[in-house]
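Visitor: What follows is a single structure, and I will ask about it in a moment.
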Amino acid sequence: MKPPQQYDPVKISTKKRILDAALELFSRRGFSAVSVRDIAAAVGVRESALYKHFPSKKAVFDQLVTDYLAKSDAFMAGIHALPTADPAELSQRAALYGQYTDENFLRIGGSVFTDFLMHPDVLRFWRMVSIERFNNENLAKMWNQQFFEEPIAYQTRLFDLIISIGAMQPIDPSLLALEFYTPLVFLYQQALPFEPDGPEFARALELSNRHMRHFRETYAIQTHAIYPGK
């Protein structure tokens with residue numbers, strides 16, 4: 001995902017400005033604490049202008065969720081990591097893993113952090129969800145699905161196939177999935193309240209790279225060593 005553009009407030013659509021302002025306000029104060037008047041004031045329009053684009057504050061919120069899911073799917077599809085249960089697709093990905101060098105593995109894994117999760121819009125979205133999931137059952141389910149259930153289930157299936165082609169140590173794939181994924185989501189959620197240019201995110205990124213390197217060195221079956229002496 002590219003860095004956010006610097007929009008000309010005259011040229012950017014009012015609808016886009018409403019969504020941007022709402023996401024910023026919701027991520028700082030929570031959905032319930034923000035009014036339509038607050039959003040309109042942040043955009044610099046009257047409340048009536050906002051209602052021309054969205055019938056309610058909830059409609060703004062729902063659009064933010066829809067937009068995030070579309071961006072997430074597009075990014076994960078672009079790096080061939082969109083969760084799937086399709087056997088043929090999983091087999092292709094497992095075979096690709098068997099061909100990765102350590103550098104490939106770290107670059108692709110790191111891109112999820114640097115190019116997607118640390119993007120300002122994505123950070124604001126997950127801050128918003130982290131606040132509202134305690135008040136919204138659907139968001140609580142989304143939080144669990146996006147951060148835990150779907151990734152663990154997908155990686156369990158993938159590691160099972162990687163083991164079957166002899167590219168990874170023969171260990172329970174569900175345990176491998178937990179061991180690989182849990183530290184990454186922990187580091188991200190630990191850094192979530194902070195800004196992407198601050199020390200918290202730099203530390204999270206550095207630790208995530210060390211974790212992925214350790215996981216690769218511990219469990220991958222390779223005939224070469226990209227990191228001699230490690």
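Every chain in the structure tokens takes a letter, A first, then B, and so on in the order presented; its residues are numbered from 1, and the ligands are numbered from 1 following the presented order.
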Taking the DSSP secondary structure from the backbone, can you list the residues of stretch 32-105 of chain A that are alpha helix (DSSP H), as number ranges by chain?

Guide: A: 36-43, 47-53, 57-78, 87-99, 102-105

Visitor: Find the nearest atom pair between each residue of stretch 78-156 of chain A and stretch 162-186 of chain A for residues within 12 Å, count only C-alpha atoms, give distances in Å to one decimal, sort rows by chain and ascending number, and present the table as JSON lines.

Guide:
```
{"residue": "A:Leu90", "atom": "CA", "partner": "A:Ile162", "partner_atom": "CA", "distance": 9.4}
{"residue": "A:Ser91", "atom": "CA", "partner": "A:Ile162", "partner_atom": "CA", "distance": 8.3}
{"residue": "A:Gln92", "atom": "CA", "partner": "A:Ile162", "partner_atom": "CA", "distance": 10.1}
{"residue": "A:Arg93", "atom": "CA", "partner": "A:Ile162", "partner_atom": "CA", "distance": 8.6}
{"residue": "A:Ala94", "atom": "CA", "partner": "A:Ile162", "partner_atom": "CA", "distance": 4.9}
{"residue": "A:Ala95", "atom": "CA", "partner": "A:Ile162", "partner_atom": "CA", "distance": 7.1}
{"residue": "A:Leu96", "atom": "CA", "partner": "A:Ile162", "partner_atom": "CA", "distance": 9.3}
{"residue": "A:Tyr97", "atom": "CA", "partner": "A:Ile162", "partner_atom": "CA", "distance": 7.2}
{"residue": "A:Gly98", "atom": "CA", "partner": "A:Ala167", "partner_atom": "CA", "distance": 5.3}
{"residue": "A:Gln99", "atom": "CA", "partner": "A:Ala167", "partner_atom": "CA", "distance": 8.7}
{"residue": "A:Tyr100", "atom": "CA", "partner": "A:Ala167", "partner_atom": "CA", "distance": 9.9}
{"residue": "A:Thr101", "atom": "CA", "partner": "A:Ala167", "partner_atom": "CA", "distance": 11.5}
{"residue": "A:Gly109", "atom": "CA", "partner": "A:Leu184", "partner_atom": "CA", "distance": 10.0}
{"residue": "A:Gly110", "atom": "CA", "partner": "A:Leu184", "partner_atom": "CA", "distance": 10.3}
{"residue": "A:Val112", "atom": "CA", "partner": "A:Leu184", "partner_atom": "CA", "distance": 10.4}
{"residue": "A:Phe113", "atom": "CA", "partner": "A:Leu184", "partner_atom": "CA", "distance": 9.1}
{"residue": "A:Leu117", "atom": "CA", "partner": "A:Val185", "partner_atom": "CA", "distance": 10.4}
{"residue": "A:Trp143", "atom": "CA", "partner": "A:Val185", "partner_atom": "CA", "distance": 11.6}
{"residue": "A:Asn144", "atom": "CA", "partner": "A:Val185", "partner_atom": "CA", "distance": 11.4}
{"residue": "A:Gln146", "atom": "CA", "partner": "A:Val185", "partner_atom": "CA", "distance": 10.5}
{"residue": "A:Phe147", "atom": "CA", "partner": "A:Val185", "partner_atom": "CA", "distance": 7.0}
{"residue": "A:Phe148", "atom": "CA", "partner": "A:Thr182", "partner_atom": "CA", "distance": 8.4}
{"residue": "A:Glu149", "atom": "CA", "partner": "A:Leu178", "partner_atom": "CA", "distance": 10.7}
{"residue": "A:Glu150", "atom": "CA", "partner": "A:Ala177", "partner_atom": "CA", "distance": 11.2}
{"residue": "A:Pro151", "atom": "CA", "partner": "A:Tyr181", "partner_atom": "CA", "distance": 7.8}
{"residue": "A:Ile152", "atom": "CA", "partner": "A:Ala177", "partner_atom": "CA", "distance": 5.8}
{"residue": "A:Ala153", "atom": "CA", "partner": "A:Ser174", "partner_atom": "CA", "distance": 7.9}
{"residue": "A:Tyr154", "atom": "CA", "partner": "A:Ala177", "partner_atom": "CA", "distance": 8.5}
{"residue": "A:Gln155", "atom": "CA", "partner": "A:Ala177", "partner_atom": "CA", "distance": 5.4}
{"residue": "A:Thr156", "atom": "CA", "partner": "A:Ser174", "partner_atom": "CA", "distance": 4.9}
```

Visitor: Please report the interatomic distance between atom CA of A:Asn209 and atom CA of A:Gln190 in Å with one decimal.

Guide: 15.7 Å

Visitor: Which residues, written as JSON, numbers by chain, have at least one atom at most 12 Å from A:Phe31, with only C-alpha atoms counted and residues fewer than 3 positions away on the same chain left out?

Guide: {"A": [22, 23, 24, 25, 26, 27, 28, 34, 35, 36, 38, 39, 57, 58, 59, 60, 61, 62, 64, 125, 127, 128, 129, 130, 131, 132, 133, 134, 135, 136, 139]}

Visitor: Interatomic distance between atom CA of A:Tyr219 and atom CA of A:Ala81?

Guide: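 Distance between the two atoms: 19.7 Å.
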
Visitor: As a PyMOL selection string, please: the residues near A:Glu47 (cut-off 12 Å, only C-alpha atoms, same-chain neighbours under 3 positions excluded).

Guide: chain A and resi 18+35-44+50-57

Visitor: Emit the selected residues as a compact mmCIF listing (two decimals), in the first residue's frame, including all heavy atoms.

Guide:
```txt
# COMPACT_ATOMS: atom_id res chain seq x y z
N ILE A 18 -15.01 13.25 4.28
CA ILE A 18 -15.85 12.80 5.40
C ILE A 18 -15.31 11.50 5.98
O ILE A 18 -15.17 11.34 7.20
CB ILE A 18 -17.31 12.63 4.95
CG1 ILE A 18 -17.94 14.00 4.65
CG2 ILE A 18 -18.12 11.88 6.01
CD1 ILE A 18 -19.29 13.91 3.95
N SER A 35 -19.81 12.85 17.20
CA SER A 35 -21.12 13.17 16.63
C SER A 35 -20.98 13.52 15.15
O SER A 35 -19.88 13.77 14.64
CB SER A 35 -21.73 14.36 17.37
OG SER A 35 -20.96 15.54 17.13
N VAL A 36 -22.12 13.54 14.47
CA VAL A 36 -22.13 14.00 13.08
C VAL A 36 -21.63 15.43 12.99
O VAL A 36 -20.90 15.80 12.07
CB VAL A 36 -23.56 13.89 12.49
CG1 VAL A 36 -23.65 14.59 11.14
CG2 VAL A 36 -23.97 12.42 12.36
N ARG A 37 -21.97 16.23 13.98
CA ARG A 37 -21.50 17.62 14.01
C ARG A 37 -19.97 17.67 14.08
O ARG A 37 -19.34 18.51 13.44
CB ARG A 37 -22.11 18.36 15.20
CG ARG A 37 -21.64 19.80 15.36
CD ARG A 37 -22.34 20.48 16.52
NE ARG A 37 -23.77 20.60 16.27
CZ ARG A 37 -24.63 21.16 17.13
NH1 ARG A 37 -24.19 21.63 18.29
NH2 ARG A 37 -25.90 21.24 16.84
N ASP A 38 -19.38 16.77 14.89
CA ASP A 38 -17.92 16.72 15.00
C ASP A 38 -17.27 16.40 13.65
O ASP A 38 -16.27 17.02 13.26
CB ASP A 38 -17.49 15.64 16.00
CG ASP A 38 -17.89 15.97 17.43
OD1 ASP A 38 -17.97 17.17 17.76
OD2 ASP A 38 -18.12 15.02 18.21
N ILE A 39 -17.85 15.44 12.96
CA ILE A 39 -17.29 15.04 11.66
C ILE A 39 -17.43 16.19 10.67
O ILE A 39 -16.48 16.53 9.94
CB ILE A 39 -18.00 13.78 11.12
CG1 ILE A 39 -17.80 12.62 12.09
CG2 ILE A 39 -17.46 13.41 9.74
CD1 ILE A 39 -18.65 11.39 11.76
N ALA A 40 -18.60 16.80 10.61
CA ALA A 40 -18.83 17.90 9.68
C ALA A 40 -17.87 19.06 9.97
O ALA A 40 -17.31 19.67 9.04
CB ALA A 40 -20.28 18.37 9.78
N ALA A 41 -17.66 19.34 11.25
CA ALA A 41 -16.75 20.43 11.61
C ALA A 41 -15.32 20.13 11.18
O ALA A 41 -14.59 21.01 10.72
CB ALA A 41 -16.81 20.68 13.12
N ALA A 42 -14.91 18.87 11.34
CA ALA A 42 -13.56 18.49 10.93
C ALA A 42 -13.37 18.60 9.43
O ALA A 42 -12.27 18.91 8.95
CB ALA A 42 -13.27 17.06 11.40
N VAL A 43 -14.43 18.35 8.69
CA VAL A 43 -14.36 18.44 7.22
C VAL A 43 -14.50 19.90 6.77
O VAL A 43 -13.98 20.29 5.72
CB VAL A 43 -15.47 17.57 6.58
CG1 VAL A 43 -15.49 17.72 5.06
CG2 VAL A 43 -15.28 16.11 6.96
N GLY A 44 -15.21 20.70 7.56
CA GLY A 44 -15.45 22.09 7.19
C GLY A 44 -16.70 22.27 6.37
O GLY A 44 -16.77 23.16 5.50
N LEU A 50 -23.06 16.66 4.93
CA LEU A 50 -22.67 15.28 5.25
C LEU A 50 -23.80 14.32 4.94
O LEU A 50 -23.59 13.24 4.38
CB LEU A 50 -22.26 15.19 6.72
CG LEU A 50 -21.63 13.86 7.17
CD1 LEU A 50 -20.62 14.10 8.30
CD2 LEU A 50 -22.70 12.87 7.66
N TYR A 51 -25.02 14.71 5.29
CA TYR A 51 -26.16 13.83 5.07
C TYR A 51 -26.48 13.62 3.59
O TYR A 51 -27.20 12.68 3.25
CB TYR A 51 -27.40 14.38 5.80
CG TYR A 51 -27.36 14.15 7.30
CD1 TYR A 51 -27.42 15.24 8.19
CD2 TYR A 51 -27.26 12.87 7.83
CE1 TYR A 51 -27.38 15.03 9.56
CE2 TYR A 51 -27.22 12.66 9.20
CZ TYR A 51 -27.28 13.74 10.06
OH TYR A 51 -27.23 13.54 11.42
N LYS A 52 -25.95 14.46 2.74
CA LYS A 52 -26.12 14.23 1.30
C LYS A 52 -25.34 13.00 0.84
O LYS A 52 -25.68 12.39 -0.17
CB LYS A 52 -25.65 15.47 0.51
CG LYS A 52 -26.55 16.69 0.64
CD LYS A 52 -25.99 17.85 -0.17
CE LYS A 52 -26.86 19.07 -0.02
NZ LYS A 52 -26.34 20.25 -0.77
N HIS A 53 -24.29 12.66 1.59
CA HIS A 53 -23.44 11.53 1.22
C HIS A 53 -23.69 10.28 2.06
O HIS A 53 -23.52 9.15 1.59
CB HIS A 53 -21.97 11.93 1.35
CG HIS A 53 -21.58 13.06 0.44
ND1 HIS A 53 -21.24 12.87 -0.88
CD2 HIS A 53 -21.49 14.41 0.67
CE1 HIS A 53 -20.94 14.04 -1.43
NE2 HIS A 53 -21.08 14.99 -0.50
N PHE A 54 -24.07 10.48 3.31
CA PHE A 54 -24.31 9.36 4.22
C PHE A 54 -25.57 9.63 5.03
O PHE A 54 -25.70 10.72 5.61
CB PHE A 54 -23.12 9.19 5.17
CG PHE A 54 -21.83 8.83 4.48
CD1 PHE A 54 -20.89 9.82 4.20
CD2 PHE A 54 -21.55 7.52 4.10
CE1 PHE A 54 -19.70 9.52 3.56
CE2 PHE A 54 -20.36 7.21 3.45
CZ PHE A 54 -19.44 8.20 3.19
N PRO A 55 -26.49 8.68 5.10
CA PRO A 55 -27.74 8.91 5.83
C PRO A 55 -27.57 8.95 7.34
O PRO A 55 -28.47 9.43 8.03
CB PRO A 55 -28.61 7.71 5.41
CG PRO A 55 -27.64 6.64 5.03
CD PRO A 55 -26.47 7.37 4.42
N SER A 56 -26.44 8.46 7.84
CA SER A 56 -26.24 8.42 9.29
C SER A 56 -24.76 8.26 9.62
O SER A 56 -23.95 7.95 8.74
CB SER A 56 -27.01 7.25 9.90
OG SER A 56 -26.48 6.02 9.44
N LYS A 57 -24.44 8.47 10.89
CA LYS A 57 -23.07 8.23 11.34
C LYS A 57 -22.69 6.76 11.17
O LYS A 57 -21.56 6.44 10.80
CB LYS A 57 -22.93 8.66 12.80
CG LYS A 57 -21.51 8.55 13.35
CD LYS A 57 -21.40 9.08 14.77
CE LYS A 57 -22.10 8.19 15.77
NZ LYS A 57 -21.72 8.48 17.18
```

Visitor: Would you work out the distance separating atom CA of A:Ala204 from atom CA of A:Ala191, expressed in Å to one decimal?

Guide: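 If I compute the distance from atom CA of A:Ala204 to atom CA of A:Ala191, I get 6.8 Å.
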
Visitor: With only C-alpha atoms as the atoms that count, which of A:Phe105, A:Leu161, A:Met118, A:Ala220 lies nearest to A:Tyr188?

Guide: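 Ranked by minimum distance to A:Tyr188, first place goes to A:Met118.
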